[in-house]
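Text of the file structure_32.csv, holding CSV, C-alpha atoms and all ligand atoms:
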chain,number,residue,atom,x,y,z
A,4,MET,CA,33.2,-32.7,2.8
A,5,SER,CA,30.9,-35.3,4.5
A,6,VAL,CA,29.4,-38.5,3.1
A,7,ILE,CA,26.2,-40.0,4.5
A,8,LYS,CA,25.5,-43.6,3.5
A,9,SER,CA,21.9,-44.1,2.3
A,10,LYS,CA,20.0,-47.0,0.7
A,11,GLY,CA,22.7,-48.2,-1.8
A,12,TYR,CA,24.1,-44.7,-2.5
A,13,ASN,CA,26.0,-41.9,-0.9
A,14,VAL,CA,24.9,-38.4,-0.1
A,15,VAL,CA,27.9,-36.2,-0.5
A,16,ILE,CA,27.7,-32.7,1.1
A,17,GLY,CA,30.2,-29.9,0.8
A,18,PRO,CA,32.3,-27.7,-1.5
A,19,GLY,CA,33.9,-30.9,-2.9
A,20,ALA,CA,30.6,-32.2,-4.2
A,21,LEU,CA,31.2,-31.3,-7.9
A,22,LYS,CA,34.6,-33.0,-7.8
A,23,ALA,CA,32.8,-36.0,-6.2
A,24,ILE,CA,30.4,-36.1,-9.2
A,25,SER,CA,33.3,-36.1,-11.6
A,26,ASP,CA,35.0,-38.9,-9.6
A,27,PHE,CA,31.7,-40.8,-9.6
A,28,LEU,CA,31.3,-40.5,-13.4
A,29,SER,CA,34.9,-41.6,-14.0
A,30,GLY,CA,34.3,-44.8,-12.1
A,31,LYS,CA,31.3,-45.7,-14.3
A,32,ASP,CA,30.8,-46.5,-17.9
A,33,TYR,CA,27.7,-44.5,-18.8
A,34,THR,CA,26.9,-44.4,-22.6
A,35,SER,CA,25.4,-40.9,-22.5
A,36,TYR,CA,24.2,-38.2,-20.1
A,37,PHE,CA,21.0,-36.3,-19.8
A,38,ILE,CA,20.7,-33.3,-17.6
A,39,LEU,CA,17.2,-32.0,-16.5
A,40,CYS,CA,17.1,-28.4,-15.4
A,41,ASP,CA,14.8,-25.4,-15.4
A,42,GLU,CA,15.5,-22.0,-16.8
A,43,ASN,CA,17.1,-20.8,-13.5
A,44,THR,CA,19.4,-23.8,-13.0
A,45,PHE,CA,20.2,-23.7,-16.7
A,46,ARG,CA,21.5,-20.2,-16.3
A,47,HIS,CA,23.0,-20.2,-12.8
A,48,CYS,CA,24.0,-23.8,-12.0
A,49,LEU,CA,24.7,-25.7,-15.2
A,50,PRO,CA,27.8,-23.7,-16.2
A,51,LEU,CA,29.3,-24.4,-12.7
A,52,LEU,CA,28.4,-28.1,-13.0
A,53,ILE,CA,30.0,-28.5,-16.4
A,54,THR,CA,33.2,-26.6,-15.3
A,55,GLY,CA,33.5,-28.9,-12.3
A,56,CYS,CA,32.7,-32.0,-14.3
A,57,PRO,CA,34.1,-31.7,-17.8
A,58,GLN,CA,32.7,-35.2,-18.6
A,59,LEU,CA,29.3,-33.5,-18.8
A,60,GLY,CA,30.3,-31.2,-21.6
A,61,SER,CA,28.7,-33.7,-24.0
A,62,ALA,CA,25.4,-34.1,-22.0
A,63,HIS,CA,22.0,-33.6,-23.6
A,64,ILE,CA,20.2,-30.8,-21.8
A,65,ILE,CA,16.5,-31.0,-21.2
A,66,GLU,CA,15.1,-27.7,-20.0
A,67,VAL,CA,11.6,-27.5,-18.4
A,68,ASP,CA,9.7,-24.5,-16.8
A,69,SER,CA,10.3,-23.8,-13.2
A,70,GLY,CA,7.2,-24.2,-10.9
A,71,GLU,CA,4.9,-26.9,-9.6
A,72,THR,CA,2.7,-27.0,-12.7
A,73,THR,CA,5.7,-28.7,-14.5
A,74,LYS,CA,5.2,-31.8,-12.4
A,75,SER,CA,2.7,-33.1,-15.0
A,76,LEU,CA,2.1,-35.9,-17.5
A,77,ASP,CA,2.7,-33.4,-20.3
A,78,PHE,CA,6.2,-32.7,-19.1
A,79,CYS,CA,6.9,-36.4,-18.6
A,80,THR,CA,5.9,-37.0,-22.2
A,81,TYR,CA,8.2,-34.2,-23.3
A,82,ILE,CA,11.1,-35.7,-21.4
A,83,TRP,CA,10.5,-39.3,-22.6
A,84,GLN,CA,10.3,-38.0,-26.2
A,85,THR,CA,13.6,-36.3,-25.8
A,86,LEU,CA,15.2,-39.4,-24.3
A,87,MET,CA,13.9,-41.4,-27.3
A,88,ASP,CA,15.0,-38.8,-29.8
A,89,TYR,CA,18.6,-38.9,-28.4
A,90,LYS,CA,18.6,-42.7,-28.1
A,91,ALA,CA,18.9,-42.9,-24.4
A,92,ASP,CA,19.4,-46.5,-23.3
A,93,PRO,CA,19.6,-48.3,-20.0
A,94,GLY,CA,23.3,-47.5,-19.9
A,95,SER,CA,22.6,-43.7,-19.9
A,96,LEU,CA,22.6,-41.6,-16.8
A,97,PHE,CA,19.8,-39.0,-16.0
A,98,ILE,CA,20.9,-36.1,-13.9
A,99,ASN,CA,18.4,-33.9,-12.0
A,100,LEU,CA,19.9,-30.4,-11.5
A,101,GLY,CA,17.3,-28.4,-9.7
A,102,GLY,CA,15.0,-28.1,-6.8
A,103,GLY,CA,12.2,-30.4,-5.6
A,104,VAL,CA,10.2,-30.1,-8.8
A,105,VAL,CA,13.1,-31.2,-10.9
A,106,SER,CA,14.1,-34.1,-8.7
A,107,ASP,CA,10.5,-35.3,-8.3
A,108,LEU,CA,9.7,-35.0,-12.0
A,109,GLY,CA,13.1,-36.2,-13.3
A,110,GLY,CA,13.3,-39.1,-10.8
A,111,PHE,CA,9.9,-40.3,-11.9
A,112,THR,CA,10.5,-40.1,-15.6
A,113,ALA,CA,13.9,-41.8,-15.2
A,114,SER,CA,12.6,-44.5,-12.9
A,115,VAL,CA,10.1,-45.8,-15.4
A,116,PHE,CA,11.9,-45.1,-18.7
A,117,LYS,CA,12.8,-48.5,-20.3
A,118,ARG,CA,11.9,-50.0,-16.9
A,119,GLY,CA,14.3,-47.7,-15.1
A,120,MET,CA,17.5,-45.8,-15.9
A,121,ASP,CA,20.1,-44.7,-13.4
A,122,PHE,CA,19.7,-41.2,-12.1
A,123,ILE,CA,21.5,-38.9,-9.7
A,124,ASN,CA,20.2,-35.8,-7.8
A,125,ILE,CA,22.1,-32.5,-7.7
A,126,PRO,CA,19.7,-30.4,-5.6
A,127,THR,CA,20.1,-26.6,-6.0
A,128,SER,CA,17.5,-25.3,-3.6
A,129,LEU,CA,17.6,-25.6,0.2
A,130,LEU,CA,14.3,-27.4,0.2
A,131,ALA,CA,15.6,-30.1,-2.2
A,132,MET,CA,18.9,-30.4,-0.4
A,133,ALA,CA,17.3,-30.8,3.0
A,134,ASP,CA,14.5,-33.1,1.9
A,135,ALA,CA,13.3,-33.9,-1.6
A,136,SER,CA,16.6,-35.2,-3.1
A,137,VAL,CA,17.1,-37.8,-0.4
A,138,GLY,CA,15.0,-40.8,0.3
A,139,GLY,CA,13.9,-42.1,-3.1
A,140,LYS,CA,10.4,-40.6,-3.5
A,141,THR,CA,9.6,-39.4,-7.0
A,142,ALA,CA,6.2,-38.1,-8.2
A,143,ILE,CA,4.2,-35.9,-10.4
A,144,ASP,CA,0.8,-34.2,-9.7
A,145,PHE,CA,-2.4,-35.6,-11.4
A,146,TYR,CA,-6.0,-34.4,-11.2
A,147,ASN,CA,-4.9,-31.5,-9.0
A,148,VAL,CA,-3.6,-34.0,-6.4
A,149,LYS,CA,0.0,-33.5,-5.5
A,150,ASN,CA,2.3,-36.4,-5.9
A,151,SER,CA,-0.5,-38.7,-6.8
A,152,ILE,CA,1.6,-40.7,-9.4
A,153,GLY,CA,5.1,-41.7,-8.5
A,154,THR,CA,7.6,-44.4,-7.6
A,155,TYR,CA,10.0,-45.3,-4.9
A,156,ALA,CA,13.3,-45.2,-6.8
A,157,GLN,CA,16.7,-44.7,-5.2
A,158,PRO,CA,19.2,-42.4,-7.0
A,159,ARG,CA,22.7,-43.6,-7.6
A,160,GLY,CA,24.0,-40.6,-5.7
A,161,VAL,CA,23.0,-37.3,-4.2
A,162,PHE,CA,25.5,-34.5,-4.5
A,163,VAL,CA,24.8,-31.4,-2.3
A,164,TYR,CA,26.9,-28.4,-3.3
A,165,PRO,CA,25.9,-25.7,-0.9
A,166,PHE,CA,27.4,-23.0,-3.1
A,167,PHE,CA,24.4,-23.3,-5.4
A,168,LEU,CA,22.3,-21.7,-2.6
A,169,ASN,CA,24.1,-18.4,-3.4
A,170,THR,CA,22.2,-18.4,-6.7
A,171,LEU,CA,18.8,-18.3,-5.0
A,172,PRO,CA,16.7,-15.2,-4.0
A,173,PRO,CA,16.4,-14.9,-0.1
A,174,MET,CA,12.8,-15.9,-0.3
A,175,HIS,CA,13.8,-19.4,-1.4
A,176,TYR,CA,16.2,-19.6,1.6
A,177,ARG,CA,13.4,-18.9,4.1
A,178,ASN,CA,11.1,-21.5,2.3
A,179,GLY,CA,13.8,-24.2,2.3
A,180,LEU,CA,14.4,-23.7,6.0
A,181,ALA,CA,10.8,-25.0,6.5
A,182,GLU,CA,12.1,-28.6,6.0
A,183,VAL,CA,15.1,-28.0,8.4
A,184,PHE,CA,12.7,-26.7,11.0
A,185,LYS,CA,10.4,-29.7,10.4
A,186,MET,CA,13.3,-32.1,10.9
A,187,ALA,CA,14.3,-30.4,14.2
A,188,LEU,CA,10.7,-30.3,15.4
A,189,ILE,CA,10.1,-34.0,14.8
A,190,ALA,CA,13.4,-35.5,15.6
A,191,ASP,CA,16.0,-33.4,17.4
A,192,LYS,CA,15.4,-31.0,20.3
A,193,GLU,CA,19.0,-29.9,20.3
A,194,LEU,CA,18.8,-29.0,16.6
A,195,TRP,CA,15.6,-27.0,17.3
A,196,ASN,CA,17.3,-25.1,20.1
A,197,SER,CA,20.4,-24.3,18.0
A,198,LEU,CA,18.2,-23.2,15.1
A,199,LYS,CA,17.1,-20.3,17.2
A,200,SER,CA,20.5,-18.7,16.8
A,201,LEU,CA,20.9,-19.7,13.2
A,202,ARG,CA,23.2,-17.5,11.1
A,203,VAL,CA,22.3,-18.5,7.6
A,204,ASP,CA,25.5,-17.4,6.0
A,205,SER,CA,27.9,-19.3,8.2
A,206,ASP,CA,25.8,-22.2,9.6
A,207,ILE,CA,23.9,-23.6,6.7
A,208,ASP,CA,26.3,-26.4,5.8
A,209,HIS,CA,26.1,-27.7,9.4
A,210,PHE,CA,22.3,-27.5,9.6
A,211,LEU,CA,22.0,-29.1,6.2
A,212,GLN,CA,24.1,-32.0,7.2
A,213,LYS,CA,22.2,-32.5,10.5
A,214,SER,CA,18.9,-32.4,8.7
A,215,ILE,CA,19.9,-34.9,6.0
A,216,GLU,CA,21.4,-37.3,8.6
A,217,LEU,CA,18.1,-37.2,10.5
A,218,LYS,CA,16.0,-37.8,7.4
A,219,ASN,CA,18.3,-40.5,6.2
A,220,ARG,CA,18.0,-42.3,9.6
A,221,ILE,CA,14.2,-42.3,9.3
A,222,VAL,CA,14.2,-43.4,5.7
A,223,LEU,CA,16.6,-46.3,6.2
A,224,LYS,CA,14.2,-47.8,8.8
A,225,ASP,CA,11.1,-47.3,6.6
A,226,PRO,CA,12.0,-46.8,3.0
A,227,PHE,CA,8.4,-47.4,1.7
A,228,ASP,CA,6.6,-45.1,4.1
A,229,LYS,CA,4.7,-47.8,5.8
A,230,GLY,CA,5.3,-46.6,9.4
A,231,ASN,CA,7.5,-44.1,11.1
A,232,ARG,CA,8.6,-42.3,7.8
A,233,LYS,CA,5.1,-40.8,7.8
A,234,ILE,CA,6.4,-38.5,10.5
A,235,LEU,CA,8.3,-36.7,7.7
A,236,ASN,CA,4.9,-35.6,6.4
A,237,PHE,CA,4.5,-33.3,9.4
A,238,GLY,CA,3.0,-30.1,8.0
A,239,HIS,CA,2.7,-31.6,4.5
A,240,THR,CA,-0.9,-33.0,4.6
A,241,MET,CA,-2.4,-29.6,5.3
A,242,GLY,CA,0.3,-27.9,3.3
A,243,HIS,CA,-0.3,-29.9,0.2
A,244,ALA,CA,-4.1,-29.4,0.5
A,245,LEU,CA,-3.5,-25.6,0.6
A,246,GLU,CA,-1.1,-25.7,-2.4
A,247,ALA,CA,-3.6,-27.8,-4.4
A,248,LEU,CA,-6.5,-25.4,-3.5
A,249,LEU,CA,-4.5,-22.4,-4.6
A,250,LEU,CA,-3.3,-24.2,-7.8
A,251,GLU,CA,-6.9,-24.8,-8.8
A,252,THR,CA,-7.5,-21.1,-8.7
A,253,GLY,CA,-4.3,-20.4,-10.8
A,254,ASN,CA,-2.2,-19.2,-7.8
A,255,GLU,CA,0.9,-20.8,-6.5
A,256,LEU,CA,2.0,-21.0,-2.8
A,257,HIS,CA,5.6,-21.9,-2.4
A,258,HIS,CA,6.0,-25.4,-0.9
A,259,GLY,CA,8.0,-24.0,2.1
A,260,GLU,CA,5.3,-21.5,2.9
A,261,ALA,CA,2.6,-24.2,2.7
A,262,VAL,CA,4.7,-26.4,5.1
A,263,TYR,CA,5.1,-23.6,7.6
A,264,ILE,CA,1.3,-23.0,7.6
A,265,GLY,CA,0.7,-26.8,7.6
A,266,MET,CA,2.9,-27.4,10.7
A,267,VAL,CA,1.0,-24.7,12.6
A,268,LEU,CA,-2.4,-26.1,11.6
A,269,GLU,CA,-1.5,-29.7,12.2
A,270,SER,CA,0.0,-28.9,15.7
A,271,HIS,CA,-3.1,-27.0,16.5
A,272,ILE,CA,-5.4,-29.9,15.5
A,273,SER,CA,-3.4,-32.5,17.4
A,274,PHE,CA,-3.4,-30.2,20.5
A,275,GLN,CA,-7.2,-29.9,20.2
A,276,LYS,CA,-7.6,-33.6,19.9
A,277,LYS,CA,-5.5,-34.2,22.9
A,278,MET,CA,-7.5,-31.7,25.0
A,279,LEU,CA,-10.8,-33.2,23.9
A,280,SER,CA,-9.7,-36.7,24.7
A,281,LYS,CA,-8.8,-35.6,28.3
A,282,LYS,CA,-12.4,-34.2,28.9
A,301,LIG,N1,9.4,-35.7,1.9
A,301,LIG,C1,9.0,-36.7,2.8
A,301,LIG,C2,9.6,-38.1,2.6
A,301,LIG,O1,10.6,-38.2,1.9
A,301,LIG,O2,9.1,-39.0,3.1
Before anything else, please render the file you have as structure tokens.
Amino acid sequence: MSVIKSKGYNVVIGPGALKAISDFLSGKDYTSYFILCDENTFRHCLPLLITGCPQLGSAHIIEVDSGETTKSLDFCTYIWQTLMDYKADPGSLFINLGGGVVSDLGGFTASVFKRGMDFINIPTSLLAMADASVGGKTAIDFYNVKNSIGTYAQPRGVFVYPFFLNTLPPMHYRNGLAEVFKMALIADKELWNSLKSLRVDSDIDHFLQKSIELKNRIVLKDPFDKGNRKILNFGHTMGHALEALLLETGNELHHGEAVYIGMVLESHISFQKKMLSKK
């Protein structure tokens, strides 16, 4: 198991991550627990989480639909109403059990509920493990603009349990790898070279750890995205535009696919600009 120190919290990675959550909870005095999940993580991940952390047996479960359209004000309202109904207070803990949609939406709703309640991220997709769960960005989409309303709010902990990846269809694996490829392209030539011989089954823990370490290093230097952190948006500007365009027509492009296309387009544009400036 490895532990990476981030901005006031630890990112724990490895098979011992569920035990680490249980230890984390035992060391705190939370008044109640709320777990946000979607229909997939409810079915495939929640039972494993509760078995590994018996303290969560009494948690209130908030289930939302999977998919990007859930990152909306309507779902925020639903979550806030549930928190009020079950008398969440500033001593409660909010737990995001899911991919990037769950951690973006849940992180946002928790970060403003009663001026902020503690939350932790338990990412279940490769994309969320490698990128979304670390770094303190939370957001929902508004007016068809992705991530247009959000906060910078640090979780109290991020617990990466790679076994959850076994619950995903292979397509999600390929999509999640987009963020690992991105990290390698922007920050680590050696990682990029070693990715060429990636064997997903056996190597993923190592690549995840490398990718999280690289991201964390960038985030710690620029937590509020004022400078160098923008490099993490490589492939995302074009990718988000494509995603939004498709959403408007009722179609959904997976975030990872959008990032792959975005990286190609943005590299092409920057290459063209360089060539033109040389003329
Ligand atoms: N996902 C990009 C960032 O955290 O800055």
Nearest-residue call for His209 in chain A, choices A:Leu194, A:Ser35, A:Val148, A:Gln157, using only C-alpha atoms:
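Smallest distance to His209 in chain A is found for A:Leu194.
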Hey, can you check how far CA of Cys48 in chain A sits from CA of Gly11 in chain A?
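Computing the Euclidean distance for CA of Cys48 in chain A and CA of Gly11 in chain A yields 26.5 Å.
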Please, which residues have at least one atom within 9 Å of an atom of ligand LIG 301 (chain A), using all atoms listed in the file, listed as a short mmCIF file (atom, residue, chain, number, x, y, z; two decimals) with C-alpha atoms, in the frame of the given file?
data_model
loop_
_atom_site.label_atom_id
_atom_site.label_comp_id
_atom_site.auth_asym_id
_atom_site.auth_seq_id
_atom_site.Cartn_x
_atom_site.Cartn_y
_atom_site.Cartn_z
CA ASP A 134 14.50 -33.10 1.90
CA ALA A 135 13.30 -33.90 -1.60
CA SER A 136 16.60 -35.20 -3.10
CA VAL A 137 17.10 -37.80 -0.40
CA GLY A 138 15.00 -40.80 0.30
CA GLY A 139 13.90 -42.10 -3.10
CA LYS A 140 10.40 -40.60 -3.50
CA GLU A 182 12.10 -28.60 6.00
CA LYS A 218 16.00 -37.80 7.40
CA ILE A 221 14.20 -42.30 9.30
CA VAL A 222 14.20 -43.40 5.70
CA PRO A 226 12.00 -46.80 3.00
CA PHE A 227 8.40 -47.40 1.70
CA ASP A 228 6.60 -45.10 4.10
CA ARG A 232 8.60 -42.30 7.80
CA LYS A 233 5.10 -40.80 7.80
CA ILE A 234 6.40 -38.50 10.50
CA LEU A 235 8.30 -36.70 7.70
CA ASN A 236 4.90 -35.60 6.40
CA PHE A 237 4.50 -33.30 9.40
CA HIS A 239 2.70 -31.60 4.50
#
Pick out the residues sitting within 8 Å of range 103-105 of chain A, and hand them over as a list in words; count only C-alpha atoms, and ignore anything fewer than 3 positions along from it in its own chain.
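Answer for this query is Leu39, Cys40, Asp41, Ser69, Gly70, Glu71, Thr73, Lys74, Asn99, Leu100, Leu108, Gly109, Gly110, Pro126, Ser128, Leu130, Ala131, Ala135 and Ser136 of chain A.
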Measuring atom to atom with only C-alpha atoms, identify which of A:Ala113, A:Ile215, A:Leu28, A:Ile272 is nearest to Lys8 in chain A.
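Checking each candidate against Lys8 in chain A, we get A:Ile215 as the closest.
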Using only C-alpha atoms, which residue out of A:Leu59, A:Leu49, A:Val14, A:Val161 lies closest to Ile123 in chain A?
A:Val161
I'd like the neighbourhood of Gly19 in chain A as a VMD selection string, where a residue qualifies if any of its atoms comes within 10 Å (using only C-alpha atoms), though same-chain residues fewer than 2 positions away should be ignored.
chain A and resid 4 to 5 15 to 17 21 to 24 55 162 to 165
CA of Leu96 in chain A and CA of Tyr33 in chain A are how many Å apart?
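These two atoms are separated by 6.2 Å.
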Please report the interatomic distance between CA of Phe78 in chain A and CA of Pro50 in chain A in Å with one decimal.
23.6 Å
Gly60 in chain A: which residues within 12 Å, counting all atoms listed in the file, same-chain residues fewer than 6 positions away excluded, as a tab-separated table (two decimals) with C-alpha atoms, in the coordinates of the input?
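Result file part23.tsv:
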chain	number	residue	atom	x	y	z
A	25	SER	CA	33.30	-36.10	-11.60
A	35	SER	CA	25.40	-40.90	-22.50
A	36	TYR	CA	24.20	-38.20	-20.10
A	37	PHE	CA	21.00	-36.30	-19.80
A	38	ILE	CA	20.70	-33.30	-17.60
A	49	LEU	CA	24.70	-25.70	-15.20
A	50	PRO	CA	27.80	-23.70	-16.20
A	51	LEU	CA	29.30	-24.40	-12.70
A	52	LEU	CA	28.40	-28.10	-13.00
A	53	ILE	CA	30.00	-28.50	-16.40
A	54	THR	CA	33.20	-26.60	-15.30
Under the rule that all atoms listed in the file are counted, which of A:Tyr176, A:Tyr81, A:Phe122, A:Phe145 is the nearest residue to Phe97 in chain A?
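Using all atoms listed in the file, Phe97 in chain A sits closest to A:Phe122.
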Find, counting all atoms listed in the file, the residue in A:Thr72, A:Thr44, A:Asn196, A:Thr154 that gets nearest to Ile125 in chain A.
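Of the candidates, the smallest distance to Ile125 in chain A is held by A:Thr44.
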Sorted by chain and rising residue number, which residues of range 94-190 of chain A lie within 10 Å of range 248-262 of chain A, and what are their closest atom pairs and distances in Å to one decimal, counting all atoms listed in the file, as CSV?
residue,atom,partner,partner_atom,distance
A:Gly103,CA,A:His258,CA,9.2
A:Leu129,CA,A:Gly259,CA,9.9
A:Leu130,CA,A:Gly259,CA,7.4
A:Tyr146,CA,A:Glu251,CA,9.9
A:Asn147,CA,A:Glu251,CA,7.0
A:Val148,CA,A:Leu248,CA,9.5
A:Met174,CA,A:His257,CA,9.6
A:His175,CA,A:Gly259,CA,8.2
A:Tyr176,CA,A:Gly259,CA,9.3
A:Arg177,CA,A:Gly259,CA,7.7
A:Asn178,CA,A:Gly259,CA,4.0
A:Gly179,CA,A:Gly259,CA,5.8
A:Leu180,CA,A:Gly259,CA,7.5
A:Ala181,CA,A:Gly259,CA,5.3
A:Glu182,CA,A:Gly259,CA,7.3
A:Phe184,CA,A:Val262,CA,9.9
A:Lys185,CA,A:Val262,CA,8.5
Would you please work out which residue, of A:Gln275, A:Thr112, A:Ser200, A:Ser106, is nearest to Ile82 in chain A when using all atoms listed in the file?
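Using all atoms listed in the file, Ile82 in chain A sits closest to A:Thr112.
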What lies within 12 Å of Ser197 in chain A using only C-alpha atoms, ignoring chain neighbours under 2 positions off, as number ranges by chain?
A: 183-184, 187-188, 191-195, 199-202, 206-207, 209-210, 213
Missing atoms of range 59-83 of chain A rebuilt to N, CA and C atoms, written as a tab-separated table (two decimals), in the coordinates of the input:
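Wrote out_34.tsv, looks like this:
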chain	number	residue	atom	x	y	z
A	59	LEU	N	30.66	-33.86	-18.43
A	59	LEU	CA	29.30	-33.50	-18.80
A	59	LEU	C	29.14	-32.54	-19.91
A	60	GLY	N	30.27	-32.14	-20.45
A	60	GLY	CA	30.30	-31.20	-21.60
A	60	GLY	C	29.47	-31.75	-22.77
A	61	SER	N	29.38	-33.09	-22.88
A	61	SER	CA	28.70	-33.70	-24.00
A	61	SER	C	27.22	-34.06	-23.66
A	62	ALA	N	26.78	-33.68	-22.46
A	62	ALA	CA	25.40	-34.10	-22.00
A	62	ALA	C	24.33	-33.46	-22.85
A	63	HIS	N	23.23	-34.19	-23.00
A	63	HIS	CA	22.00	-33.60	-23.60
A	63	HIS	C	21.29	-32.84	-22.50
A	64	ILE	N	20.91	-31.61	-22.81
A	64	ILE	CA	20.20	-30.80	-21.80
A	64	ILE	C	18.74	-30.77	-22.07
A	65	ILE	N	17.97	-31.09	-21.05
A	65	ILE	CA	16.50	-31.00	-21.20
A	65	ILE	C	16.04	-29.91	-20.22
A	66	GLU	N	15.49	-28.86	-20.80
A	66	GLU	CA	15.10	-27.70	-20.00
A	66	GLU	C	13.55	-27.70	-19.84
A	67	VAL	N	13.08	-27.58	-18.60
A	67	VAL	CA	11.60	-27.50	-18.40
A	67	VAL	C	11.36	-26.16	-17.63
A	68	ASP	N	10.09	-25.76	-17.56
A	68	ASP	CA	9.70	-24.50	-16.80
A	68	ASP	C	9.86	-24.75	-15.34
A	69	SER	N	10.27	-23.70	-14.61
A	69	SER	CA	10.30	-23.80	-13.20
A	69	SER	C	8.83	-23.76	-12.66
A	70	GLY	N	8.58	-24.32	-11.49
A	70	GLY	CA	7.20	-24.20	-10.90
A	70	GLY	C	6.51	-25.53	-10.84
A	71	GLU	N	5.61	-25.61	-9.87
A	71	GLU	CA	4.90	-26.90	-9.60
A	71	GLU	C	4.11	-27.42	-10.74
A	72	THR	N	3.58	-26.53	-11.60
A	72	THR	CA	2.70	-27.00	-12.70
A	72	THR	C	3.52	-27.89	-13.69
A	73	THR	N	4.84	-27.85	-13.57
A	73	THR	CA	5.70	-28.70	-14.50
A	73	THR	C	5.64	-30.15	-14.07
A	74	LYS	N	5.21	-30.43	-12.84
A	74	LYS	CA	5.20	-31.80	-12.40
A	74	LYS	C	3.91	-32.50	-13.00
A	75	SER	N	3.88	-32.60	-14.33
A	75	SER	CA	2.70	-33.10	-15.00
A	75	SER	C	3.01	-34.14	-16.02
A	76	LEU	N	1.95	-34.86	-16.46
A	76	LEU	CA	2.10	-35.90	-17.50
A	76	LEU	C	2.66	-35.28	-18.79
A	77	ASP	N	2.22	-34.05	-19.09
A	77	ASP	CA	2.70	-33.40	-20.30
A	77	ASP	C	4.21	-33.26	-20.34
A	78	PHE	N	4.76	-32.83	-19.20
A	78	PHE	CA	6.20	-32.70	-19.10
A	78	PHE	C	6.92	-34.04	-19.14
A	79	CYS	N	6.27	-35.06	-18.55
A	79	CYS	CA	6.90	-36.40	-18.60
A	79	CYS	C	6.99	-36.82	-20.08
A	80	THR	N	5.90	-36.60	-20.82
A	80	THR	CA	5.90	-37.00	-22.20
A	80	THR	C	7.04	-36.27	-22.98
A	81	TYR	N	7.18	-34.98	-22.68
A	81	TYR	CA	8.20	-34.20	-23.30
A	81	TYR	C	9.63	-34.80	-23.04
A	82	ILE	N	9.82	-35.18	-21.77
A	82	ILE	CA	11.10	-35.70	-21.40
A	82	ILE	C	11.35	-37.11	-22.03
A	83	TRP	N	10.32	-37.95	-22.00
A	83	TRP	CA	10.50	-39.30	-22.60
A	83	TRP	C	10.73	-39.17	-24.11
